[in-house]
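Below is the file my_file_18.cif, which contains mmCIF, N, CA and C atoms.
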```cif
data_protein
loop_
_atom_site.group_PDB
_atom_site.id
_atom_site.type_symbol
_atom_site.label_atom_id
_atom_site.label_comp_id
_atom_site.auth_asym_id
_atom_site.auth_seq_id
_atom_site.Cartn_x
_atom_site.Cartn_y
_atom_site.Cartn_z
ATOM 1 N N MET A 1 -9.799 -3.151 -0.241
ATOM 2 C CA MET A 1 -8.492 -2.925 -0.828
ATOM 3 C C MET A 1 -8.181 -4.107 -1.736
ATOM 4 N N THR A 2 -7.994 -3.831 -2.989
ATOM 5 C CA THR A 2 -7.685 -4.872 -3.952
ATOM 6 C C THR A 2 -6.263 -4.682 -4.454
ATOM 7 N N VAL A 3 -5.494 -5.750 -4.377
ATOM 8 C CA VAL A 3 -4.112 -5.710 -4.839
ATOM 9 C C VAL A 3 -4.020 -6.560 -6.092
ATOM 10 N N THR A 4 -3.441 -5.991 -7.142
ATOM 11 C CA THR A 4 -3.238 -6.744 -8.370
ATOM 12 C C THR A 4 -1.764 -7.116 -8.482
ATOM 13 N N GLU A 5 -1.489 -8.036 -9.367
ATOM 14 C CA GLU A 5 -0.111 -8.475 -9.561
ATOM 15 C C GLU A 5 0.749 -7.298 -10.019
ATOM 16 N N GLY A 6 1.932 -7.204 -9.470
ATOM 17 C CA GLY A 6 2.846 -6.130 -9.842
ATOM 18 C C GLY A 6 2.770 -4.939 -8.902
ATOM 19 N N GLN A 7 1.814 -4.928 -7.973
ATOM 20 C CA GLN A 7 1.693 -3.821 -7.036
ATOM 21 C C GLN A 7 2.403 -4.161 -5.722
ATOM 22 N N ILE A 8 2.899 -3.123 -5.077
ATOM 23 C CA ILE A 8 3.500 -3.261 -3.760
ATOM 24 C C ILE A 8 2.424 -2.927 -2.742
ATOM 25 N N GLU A 9 2.239 -3.818 -1.776
ATOM 26 C CA GLU A 9 1.220 -3.616 -0.755
ATOM 27 C C GLU A 9 1.879 -3.373 0.596
ATOM 28 N N ILE A 10 1.455 -2.309 1.269
ATOM 29 C CA ILE A 10 1.883 -2.025 2.628
ATOM 30 C C ILE A 10 0.637 -2.180 3.488
ATOM 31 N N ALA A 11 0.659 -3.158 4.405
ATOM 32 C CA ALA A 11 -0.564 -3.478 5.144
ATOM 33 C C ALA A 11 -0.283 -3.870 6.579
ATOM 34 N N ARG A 12 -1.299 -3.619 7.422
ATOM 35 C CA ARG A 12 -1.281 -4.116 8.795
ATOM 36 C C ARG A 12 -1.913 -5.490 8.775
ATOM 37 N N ARG A 13 -1.211 -6.492 9.222
ATOM 38 C CA ARG A 13 -1.671 -7.875 9.213
ATOM 39 C C ARG A 13 -2.477 -8.171 10.474
ATOM 40 N N PRO A 14 -3.181 -9.312 10.513
ATOM 41 C CA PRO A 14 -4.015 -9.643 11.679
ATOM 42 C C PRO A 14 -3.254 -9.644 13.008
ATOM 43 N N GLY A 15 -1.976 -9.941 13.000
ATOM 44 C CA GLY A 15 -1.182 -9.928 14.225
ATOM 45 C C GLY A 15 -0.777 -8.534 14.667
ATOM 46 N N GLY A 16 -1.087 -7.513 13.863
ATOM 47 C CA GLY A 16 -0.749 -6.135 14.188
ATOM 48 C C GLY A 16 0.518 -5.638 13.524
ATOM 49 N N GLU A 17 1.322 -6.542 12.954
ATOM 50 C CA GLU A 17 2.567 -6.122 12.310
ATOM 51 C C GLU A 17 2.273 -5.467 10.958
ATOM 52 N N ILE A 18 3.155 -4.564 10.571
ATOM 53 C CA ILE A 18 3.040 -3.914 9.266
ATOM 54 C C ILE A 18 4.141 -4.465 8.398
ATOM 55 N N ASP A 19 3.744 -5.022 7.263
ATOM 56 C CA ASP A 19 4.755 -5.550 6.360
ATOM 57 C C ASP A 19 4.430 -5.191 4.928
ATOM 58 N N VAL A 20 5.391 -5.495 4.068
ATOM 59 C CA VAL A 20 5.311 -5.140 2.650
ATOM 60 C C VAL A 20 5.377 -6.419 1.839
ATOM 61 N N SER A 21 4.519 -6.499 0.834
ATOM 62 C CA SER A 21 4.568 -7.635 -0.084
ATOM 63 C C SER A 21 4.487 -7.109 -1.505
ATOM 64 N N GLY A 22 4.963 -7.906 -2.417
ATOM 65 C CA GLY A 22 4.960 -7.520 -3.824
ATOM 66 C C GLY A 22 6.365 -7.519 -4.379
ATOM 67 N N PRO A 23 6.497 -7.133 -5.643
ATOM 68 C CA PRO A 23 7.819 -7.132 -6.283
ATOM 69 C C PRO A 23 8.677 -5.977 -5.773
ATOM 70 N N LEU A 24 9.792 -6.304 -5.146
ATOM 71 C CA LEU A 24 10.680 -5.290 -4.582
ATOM 72 C C LEU A 24 12.068 -5.415 -5.191
ATOM 73 N N ASP A 25 12.524 -4.343 -5.808
ATOM 74 C CA ASP A 25 13.890 -4.327 -6.327
ATOM 75 C C ASP A 25 14.772 -3.551 -5.347
ATOM 76 N N GLU A 26 16.016 -3.314 -5.724
ATOM 77 C CA GLU A 26 16.960 -2.658 -4.817
ATOM 78 C C GLU A 26 16.531 -1.249 -4.434
ATOM 79 N N LEU A 27 15.985 -0.488 -5.392
ATOM 80 C CA LEU A 27 15.545 0.874 -5.084
ATOM 81 C C LEU A 27 14.371 0.851 -4.118
ATOM 82 N N ALA A 28 13.401 -0.015 -4.358
ATOM 83 C CA ALA A 28 12.245 -0.107 -3.460
ATOM 84 C C ALA A 28 12.694 -0.499 -2.053
ATOM 85 N N LEU A 29 13.614 -1.442 -1.944
ATOM 86 C CA LEU A 29 14.118 -1.845 -0.633
ATOM 87 C C LEU A 29 14.864 -0.703 0.055
ATOM 88 N N ALA A 30 15.609 0.083 -0.710
ATOM 89 C CA ALA A 30 16.327 1.220 -0.135
ATOM 90 C C ALA A 30 15.341 2.273 0.379
ATOM 91 N N LEU A 31 14.267 2.529 -0.353
ATOM 92 C CA LEU A 31 13.261 3.492 0.092
ATOM 93 C C LEU A 31 12.550 2.993 1.347
ATOM 94 N N LEU A 32 12.241 1.719 1.384
ATOM 95 C CA LEU A 32 11.586 1.153 2.561
ATOM 96 C C LEU A 32 12.514 1.211 3.779
ATOM 97 N N LYS A 33 13.796 0.950 3.568
ATOM 98 C CA LYS A 33 14.768 1.031 4.657
ATOM 99 C C LYS A 33 14.833 2.458 5.186
ATOM 100 N N ARG A 34 14.799 3.430 4.280
ATOM 101 C CA ARG A 34 14.820 4.844 4.670
ATOM 102 C C ARG A 34 13.618 5.194 5.546
ATOM 103 N N ALA A 35 12.478 4.540 5.286
ATOM 104 C CA ALA A 35 11.266 4.784 6.061
ATOM 105 C C ALA A 35 11.247 3.997 7.372
ATOM 106 N N GLY A 36 12.254 3.167 7.625
ATOM 107 C CA GLY A 36 12.342 2.454 8.887
ATOM 108 C C GLY A 36 12.002 0.984 8.823
ATOM 109 N N PHE A 37 11.779 0.450 7.629
ATOM 110 C CA PHE A 37 11.448 -0.966 7.493
ATOM 111 C C PHE A 37 12.707 -1.820 7.632
ATOM 112 N N LEU A 38 12.527 -3.016 8.153
ATOM 113 C CA LEU A 38 13.601 -3.990 8.306
ATOM 114 C C LEU A 38 13.411 -5.118 7.305
ATOM 115 N N THR A 39 14.484 -5.789 6.943
ATOM 116 C CA THR A 39 14.380 -6.978 6.092
ATOM 117 C C THR A 39 14.891 -8.173 6.875
ATOM 118 N N GLU A 40 14.121 -9.239 6.834
ATOM 119 C CA GLU A 40 14.471 -10.480 7.514
ATOM 120 C C GLU A 40 14.455 -11.601 6.483
ATOM 121 N N PRO A 41 15.510 -12.385 6.367
ATOM 122 C CA PRO A 41 15.494 -13.506 5.425
ATOM 123 C C PRO A 41 14.527 -14.599 5.903
ATOM 124 N N THR A 42 13.802 -15.183 4.959
ATOM 125 C CA THR A 42 12.894 -16.296 5.244
ATOM 126 C C THR A 42 13.138 -17.385 4.211
ATOM 127 N N LEU A 43 12.436 -18.491 4.346
ATOM 128 C CA LEU A 43 12.568 -19.568 3.365
ATOM 129 C C LEU A 43 12.048 -19.159 1.996
ATOM 130 N N ARG A 44 11.133 -18.196 1.959
ATOM 131 C CA ARG A 44 10.537 -17.753 0.691
ATOM 132 C C ARG A 44 11.155 -16.476 0.138
ATOM 133 N N GLY A 45 12.169 -15.954 0.764
ATOM 134 C CA GLY A 45 12.778 -14.714 0.290
ATOM 135 C C GLY A 45 13.008 -13.761 1.446
ATOM 136 N N LEU A 46 12.506 -12.531 1.307
ATOM 137 C CA LEU A 46 12.681 -11.516 2.343
ATOM 138 C C LEU A 46 11.342 -11.156 2.964
ATOM 139 N N TRP A 47 11.354 -10.944 4.260
ATOM 140 C CA TRP A 47 10.196 -10.398 4.949
ATOM 141 C C TRP A 47 10.549 -8.953 5.249
ATOM 142 N N VAL A 48 9.808 -8.029 4.680
ATOM 143 C CA VAL A 48 10.048 -6.606 4.868
ATOM 144 C C VAL A 48 8.965 -6.103 5.810
ATOM 145 N N ARG A 49 9.379 -5.588 6.969
ATOM 146 C CA ARG A 49 8.417 -5.193 7.996
ATOM 147 C C ARG A 49 8.946 -4.034 8.825
ATOM 148 N N LEU A 50 8.027 -3.391 9.527
ATOM 149 C CA LEU A 50 8.419 -2.388 10.509
ATOM 150 C C LEU A 50 8.751 -3.083 11.826
ATOM 151 N N PRO A 51 9.574 -2.457 12.669
ATOM 152 C CA PRO A 51 9.832 -3.035 13.988
ATOM 153 C C PRO A 51 8.515 -3.187 14.762
ATOM 154 N N PHE A 52 8.457 -4.166 15.632
ATOM 155 C CA PHE A 52 7.253 -4.418 16.410
ATOM 156 C C PHE A 52 7.113 -3.422 17.562
ATOM 157 N N ASP A 53 5.870 -3.177 17.953
ATOM 158 C CA ASP A 53 5.521 -2.425 19.166
ATOM 159 C C ASP A 53 6.144 -1.031 19.243
ATOM 160 N N MET A 54 6.097 -0.302 18.157
ATOM 161 C CA MET A 54 6.612 1.062 18.168
ATOM 162 C C MET A 54 5.488 2.087 18.348
ATOM 163 N N GLY A 55 4.279 1.622 18.480
ATOM 164 C CA GLY A 55 3.144 2.527 18.637
ATOM 165 C C GLY A 55 2.411 2.687 17.315
ATOM 166 N N ARG A 56 1.103 2.669 17.395
ATOM 167 C CA ARG A 56 0.282 2.708 16.184
ATOM 168 C C ARG A 56 0.507 3.982 15.355
ATOM 169 N N SER A 57 0.628 5.127 15.998
ATOM 170 C CA SER A 57 0.804 6.363 15.232
ATOM 171 C C SER A 57 2.156 6.377 14.512
ATOM 172 N N TRP A 58 3.215 5.895 15.180
ATOM 173 C CA TRP A 58 4.532 5.827 14.543
ATOM 174 C C TRP A 58 4.486 4.870 13.358
ATOM 175 N N GLU A 59 3.851 3.711 13.550
ATOM 176 C CA GLU A 59 3.743 2.728 12.473
ATOM 177 C C GLU A 59 2.950 3.283 11.299
ATOM 178 N N ASN A 60 1.835 3.956 11.581
ATOM 179 C CA ASN A 60 1.025 4.544 10.517
ATOM 180 C C ASN A 60 1.810 5.602 9.750
ATOM 181 N N GLU A 61 2.525 6.444 10.487
ATOM 182 C CA GLU A 61 3.323 7.494 9.852
ATOM 183 C C GLU A 61 4.390 6.907 8.932
ATOM 184 N N ARG A 62 5.089 5.885 9.415
ATOM 185 C CA ARG A 62 6.147 5.255 8.620
ATOM 186 C C ARG A 62 5.580 4.524 7.405
ATOM 187 N N GLY A 63 4.443 3.880 7.572
ATOM 188 C CA GLY A 63 3.804 3.207 6.446
ATOM 189 C C GLY A 63 3.380 4.189 5.364
ATOM 190 N N ARG A 64 2.784 5.312 5.782
ATOM 191 C CA ARG A 64 2.379 6.344 4.811
ATOM 192 C C ARG A 64 3.591 6.959 4.124
ATOM 193 N N TRP A 65 4.641 7.226 4.893
ATOM 194 C CA TRP A 65 5.852 7.818 4.329
ATOM 195 C C TRP A 65 6.460 6.887 3.283
ATOM 196 N N ALA A 66 6.509 5.609 3.587
ATOM 197 C CA ALA A 66 7.043 4.633 2.630
ATOM 198 C C ALA A 66 6.201 4.616 1.363
ATOM 199 N N ALA A 67 4.873 4.649 1.513
ATOM 200 C CA ALA A 67 3.987 4.650 0.343
ATOM 201 C C ALA A 67 4.187 5.905 -0.498
ATOM 202 N N GLU A 68 4.381 7.041 0.153
ATOM 203 C CA GLU A 68 4.618 8.288 -0.588
ATOM 204 C C GLU A 68 5.929 8.232 -1.360
ATOM 205 N N MET A 69 6.988 7.723 -0.726
ATOM 206 C CA MET A 69 8.277 7.642 -1.404
ATOM 207 C C MET A 69 8.224 6.668 -2.576
ATOM 208 N N LEU A 70 7.598 5.512 -2.363
ATOM 209 C CA LEU A 70 7.481 4.545 -3.459
ATOM 210 C C LEU A 70 6.635 5.111 -4.594
ATOM 211 N N GLY A 71 5.552 5.792 -4.248
ATOM 212 C CA GLY A 71 4.705 6.405 -5.271
ATOM 213 C C GLY A 71 5.451 7.484 -6.050
ATOM 214 N N ALA A 72 6.275 8.278 -5.350
ATOM 215 C CA ALA A 72 7.057 9.316 -6.028
ATOM 216 C C ALA A 72 8.069 8.708 -6.992
ATOM 217 N N ALA A 73 8.522 7.489 -6.670
ATOM 218 C CA ALA A 73 9.461 6.786 -7.555
ATOM 219 C C ALA A 73 8.716 5.978 -8.622
ATOM 220 N N ARG A 74 7.412 6.183 -8.708
ATOM 221 C CA ARG A 74 6.548 5.581 -9.729
ATOM 222 C C ARG A 74 6.330 4.080 -9.568
ATOM 223 N N TYR A 75 6.380 3.598 -8.330
ATOM 224 C CA TYR A 75 5.999 2.221 -8.054
ATOM 225 C C TYR A 75 4.488 2.197 -7.821
ATOM 226 N N PRO A 76 3.796 1.178 -8.310
ATOM 227 C CA PRO A 76 2.368 1.064 -7.992
ATOM 228 C C PRO A 76 2.212 0.557 -6.554
ATOM 229 N N VAL A 77 1.640 1.382 -5.690
ATOM 230 C CA VAL A 77 1.557 1.072 -4.266
ATOM 231 C C VAL A 77 0.100 1.022 -3.822
ATOM 232 N N VAL A 78 -0.215 0.043 -2.978
ATOM 233 C CA VAL A 78 -1.522 -0.043 -2.331
ATOM 234 C C VAL A 78 -1.267 0.073 -0.835
ATOM 235 N N LEU A 79 -1.887 1.079 -0.203
ATOM 236 C CA LEU A 79 -1.717 1.315 1.223
ATOM 237 C C LEU A 79 -2.979 0.869 1.952
ATOM 238 N N ASP A 80 -2.807 0.052 2.981
ATOM 239 C CA ASP A 80 -3.914 -0.438 3.788
ATOM 240 C C ASP A 80 -4.680 0.735 4.392
ATOM 241 N N ASP A 81 -6.007 0.627 4.426
ATOM 242 C CA ASP A 81 -6.845 1.691 4.980
ATOM 243 C C ASP A 81 -6.517 1.990 6.437
ATOM 244 N N SER A 82 -6.068 0.993 7.196
ATOM 245 C CA SER A 82 -5.750 1.220 8.606
ATOM 246 C C SER A 82 -4.513 2.100 8.793
ATOM 247 N N LEU A 83 -3.744 2.334 7.736
ATOM 248 C CA LEU A 83 -2.549 3.177 7.820
ATOM 249 C C LEU A 83 -2.823 4.611 7.379
ATOM 250 N N ARG A 84 -3.991 4.862 6.860
ATOM 251 C CA ARG A 84 -4.339 6.210 6.414
ATOM 252 C C ARG A 84 -4.690 7.072 7.622
ATOM 253 N N PRO A 85 -4.470 8.383 7.516
ATOM 254 C CA PRO A 85 -4.808 9.247 8.650
ATOM 255 C C PRO A 85 -6.318 9.264 8.880
ATOM 256 N N ALA A 86 -6.710 9.426 10.140
ATOM 257 C CA ALA A 86 -8.130 9.436 10.491
ATOM 258 C C ALA A 86 -8.859 10.570 9.779
ATOM 259 N N SER A 87 -8.188 11.694 9.553
ATOM 260 C CA SER A 87 -8.843 12.838 8.909
ATOM 261 C C SER A 87 -9.205 12.545 7.460
ATOM 262 N N ALA A 88 -8.571 11.544 6.842
ATOM 263 C CA ALA A 88 -8.898 11.221 5.453
ATOM 264 C C ALA A 88 -10.279 10.599 5.348
ATOM 265 N N HIS A 89 -10.799 10.057 6.470
ATOM 266 C CA HIS A 89 -12.099 9.406 6.453
ATOM 267 C C HIS A 89 -13.218 10.326 6.912
ATOM 268 N N THR A 90 -12.881 11.506 7.402
ATOM 269 C CA THR A 90 -13.904 12.430 7.868
ATOM 270 C C THR A 90 -14.142 13.495 6.814
ATOM 271 N N PRO A 91 -15.376 13.992 6.718
ATOM 272 C CA PRO A 91 -15.631 15.030 5.728
ATOM 273 C C PRO A 91 -14.869 16.302 6.065
ATOM 274 N N ARG A 92 -14.455 16.988 5.058
ATOM 275 C CA ARG A 92 -13.707 18.228 5.268
ATOM 276 C C ARG A 92 -14.656 19.353 5.624
ATOM 277 N N THR A 93 -14.201 20.211 6.512
ATOM 278 C CA THR A 93 -14.969 21.401 6.865
ATOM 279 C C THR A 93 -14.271 22.604 6.274
ATOM 280 N N ARG A 94 -14.998 23.687 6.211
ATOM 281 C CA ARG A 94 -14.398 24.907 5.671
ATOM 282 C C ARG A 94 -13.338 25.435 6.607
ATOM 283 N N ALA A 95 -12.277 25.902 6.038
ATOM 284 C CA ALA A 95 -11.210 26.505 6.831
ATOM 285 C C ALA A 95 -11.693 27.855 7.356
ATOM 286 N N PRO A 96 -11.234 28.243 8.533
ATOM 287 C CA PRO A 96 -11.649 29.549 9.051
ATOM 288 C C PRO A 96 -11.113 30.660 8.161
ATOM 289 N N ALA A 97 -11.878 31.738 8.105
ATOM 290 C CA ALA A 97 -11.472 32.882 7.279
ATOM 291 C C ALA A 97 -10.201 33.494 7.847
ATOM 292 N N LEU A 98 -9.332 33.912 6.972
ATOM 293 C CA LEU A 98 -8.090 34.551 7.393
ATOM 294 C C LEU A 98 -8.343 36.011 7.701
ATOM 295 N N ARG A 99 -7.713 36.492 8.753
ATOM 296 C CA ARG A 99 -7.839 37.911 9.088
ATOM 297 C C ARG A 99 -6.748 38.670 8.350
ATOM 298 N N ALA A 100 -7.047 39.884 8.039
ATOM 299 C CA ALA A 100 -6.061 40.738 7.368
ATOM 300 C C ALA A 100 -4.945 41.068 8.336
ATOM 301 N N ALA A 101 -3.753 41.162 7.813
ATOM 302 C CA ALA A 101 -2.606 41.533 8.637
ATOM 303 C C ALA A 101 -2.749 42.997 9.072
ATOM 304 N N PRO A 102 -2.265 43.317 10.260
ATOM 305 C CA PRO A 102 -2.347 44.723 10.687
ATOM 306 C C PRO A 102 -1.494 45.599 9.780
ATOM 307 N N PRO A 103 -1.876 46.862 9.647
ATOM 308 C CA PRO A 103 -1.101 47.750 8.772
ATOM 309 C C PRO A 103 0.310 47.953 9.337
ATOM 310 N N ARG A 104 1.258 48.148 8.435
ATOM 311 C CA ARG A 104 2.644 48.355 8.844
ATOM 312 C C ARG A 104 2.848 49.775 9.323
ATOM 313 N N ARG A 105 3.638 49.919 10.352
ATOM 314 C CA ARG A 105 3.959 51.278 10.847
ATOM 315 C C ARG A 105 5.125 51.819 10.058
ATOM 316 N N ARG A 106 5.101 53.104 9.866
ATOM 317 C CA ARG A 106 6.196 53.759 9.129
ATOM 318 C C ARG A 106 7.043 54.577 10.018
#
```
Would it be possible to restate this file's structure as structure tokens?
Amino acid sequence: MTVTEGQIEIARRPGGEIDVSGPLDELALALLKRAGFLTEPTLRGLWVRLPFDMGRSWENERGRWAAEMLGAARYPVVLDDSLRPASAHTPRTRAPALRAAPPRRR
């Protein structure tokens, strides 16, 4: 995963927390808040993160949702591979054939 300047990165850090880095304006912060992210003031600005210990699937879902909303608002977003659904890494199989609906009675 390569992040360039100007991109918003949503990633799981070595400690297990999910946080956001990059240029964030008011709209981006509002979208992240909608997805469940918190903002904490720090000496360097804001730390934007998900609450701790909410479960990996909940965290992954919220991280993906935030990335989708930011992407829909045309922000350049990089999503950590650990937040992607497991099915995205497996090859797709053919969907089962659909059966015809039974005929309607008159």
Next item on the list: Between A:Arg104, A:Lys33, A:Arg84, A:Arg44, single out the one closest to Arg64 (chain A), counting only N, CA and C atoms.
Entry: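 For Arg64 (chain A), the nearest of the candidates is A:Arg84.
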Next item on the list: Grab the CA of Ala67 (chain A) to CA of Ala11 (chain A) distance for me, in Å with one decimal place.
Entry: 10.5 Å
Quick check on the file I pasted: which residues fall under the PyMOL selection byres ((chain A and resi 23) around 8)? Write them as a PDB file with N, CA and C atoms, in the frame of the given file.
```
ATOM      1  N   GLU A   5      -1.489  -8.036  -9.367  1.00  0.00           N
ATOM      2  CA  GLU A   5      -0.111  -8.475  -9.561  1.00  0.00           C
ATOM      3  C   GLU A   5       0.749  -7.298 -10.019  1.00  0.00           C
ATOM      4  N   GLY A   6       1.932  -7.204  -9.470  1.00  0.00           N
ATOM      5  CA  GLY A   6       2.846  -6.130  -9.842  1.00  0.00           C
ATOM      6  C   GLY A   6       2.770  -4.939  -8.902  1.00  0.00           C
ATOM      7  N   GLN A   7       1.814  -4.928  -7.973  1.00  0.00           N
ATOM      8  CA  GLN A   7       1.693  -3.821  -7.036  1.00  0.00           C
ATOM      9  C   GLN A   7       2.403  -4.161  -5.722  1.00  0.00           C
ATOM     10  N   ILE A   8       2.899  -3.123  -5.077  1.00  0.00           N
ATOM     11  CA  ILE A   8       3.500  -3.261  -3.760  1.00  0.00           C
ATOM     12  C   ILE A   8       2.424  -2.927  -2.742  1.00  0.00           C
ATOM     13  N   GLU A   9       2.239  -3.818  -1.776  1.00  0.00           N
ATOM     14  CA  GLU A   9       1.220  -3.616  -0.755  1.00  0.00           C
ATOM     15  C   GLU A   9       1.879  -3.373   0.596  1.00  0.00           C
ATOM     16  N   VAL A  20       5.391  -5.495   4.068  1.00  0.00           N
ATOM     17  CA  VAL A  20       5.311  -5.140   2.650  1.00  0.00           C
ATOM     18  C   VAL A  20       5.377  -6.419   1.839  1.00  0.00           C
ATOM     19  N   SER A  21       4.519  -6.499   0.834  1.00  0.00           N
ATOM     20  CA  SER A  21       4.568  -7.635  -0.084  1.00  0.00           C
ATOM     21  C   SER A  21       4.487  -7.109  -1.505  1.00  0.00           C
ATOM     22  N   GLY A  22       4.963  -7.906  -2.417  1.00  0.00           N
ATOM     23  CA  GLY A  22       4.960  -7.520  -3.824  1.00  0.00           C
ATOM     24  C   GLY A  22       6.365  -7.519  -4.379  1.00  0.00           C
ATOM     25  N   LEU A  24       9.792  -6.304  -5.146  1.00  0.00           N
ATOM     26  CA  LEU A  24      10.680  -5.290  -4.582  1.00  0.00           C
ATOM     27  C   LEU A  24      12.068  -5.415  -5.191  1.00  0.00           C
ATOM     28  N   ASP A  25      12.524  -4.343  -5.808  1.00  0.00           N
ATOM     29  CA  ASP A  25      13.890  -4.327  -6.327  1.00  0.00           C
ATOM     30  C   ASP A  25      14.772  -3.551  -5.347  1.00  0.00           C
ATOM     31  N   GLU A  26      16.016  -3.314  -5.724  1.00  0.00           N
ATOM     32  CA  GLU A  26      16.960  -2.658  -4.817  1.00  0.00           C
ATOM     33  C   GLU A  26      16.531  -1.249  -4.434  1.00  0.00           C
ATOM     34  N   ALA A  28      13.401  -0.015  -4.358  1.00  0.00           N
ATOM     35  CA  ALA A  28      12.245  -0.107  -3.460  1.00  0.00           C
ATOM     36  C   ALA A  28      12.694  -0.499  -2.053  1.00  0.00           C
ATOM     37  N   LEU A  29      13.614  -1.442  -1.944  1.00  0.00           N
ATOM     38  CA  LEU A  29      14.118  -1.845  -0.633  1.00  0.00           C
ATOM     39  C   LEU A  29      14.864  -0.703   0.055  1.00  0.00           C
TER      40      LEU A  29
END
```
Check: Do you know which residues are at most 9 Å from Gly63 (chain A) counting only C-alpha atoms, after dropping those on the same chain fewer than 2 positions away, and could you put them as a VMD selection string?
Finding: chain A and resid 10 to 11 18 to 19 32 35 to 37 50 58 to 61 65 to 68 79 to 80 83 to 84
Next item on the list: Run DSSP on the backbone and give me the residues of region 9-93 of chain A it puts in alpha helix (DSSP H), as a list in words.
Entry: Glu26, Leu27, Ala28, Leu29, Ala30, Leu31, Leu32, Lys33, Arg34, Arg56, Ser57, Trp58, Glu59, Asn60, Glu61, Arg62, Gly63, Arg64, Trp65, Ala66, Ala67, Glu68, Met69, Leu70, Gly71 and Ala72 of chain A
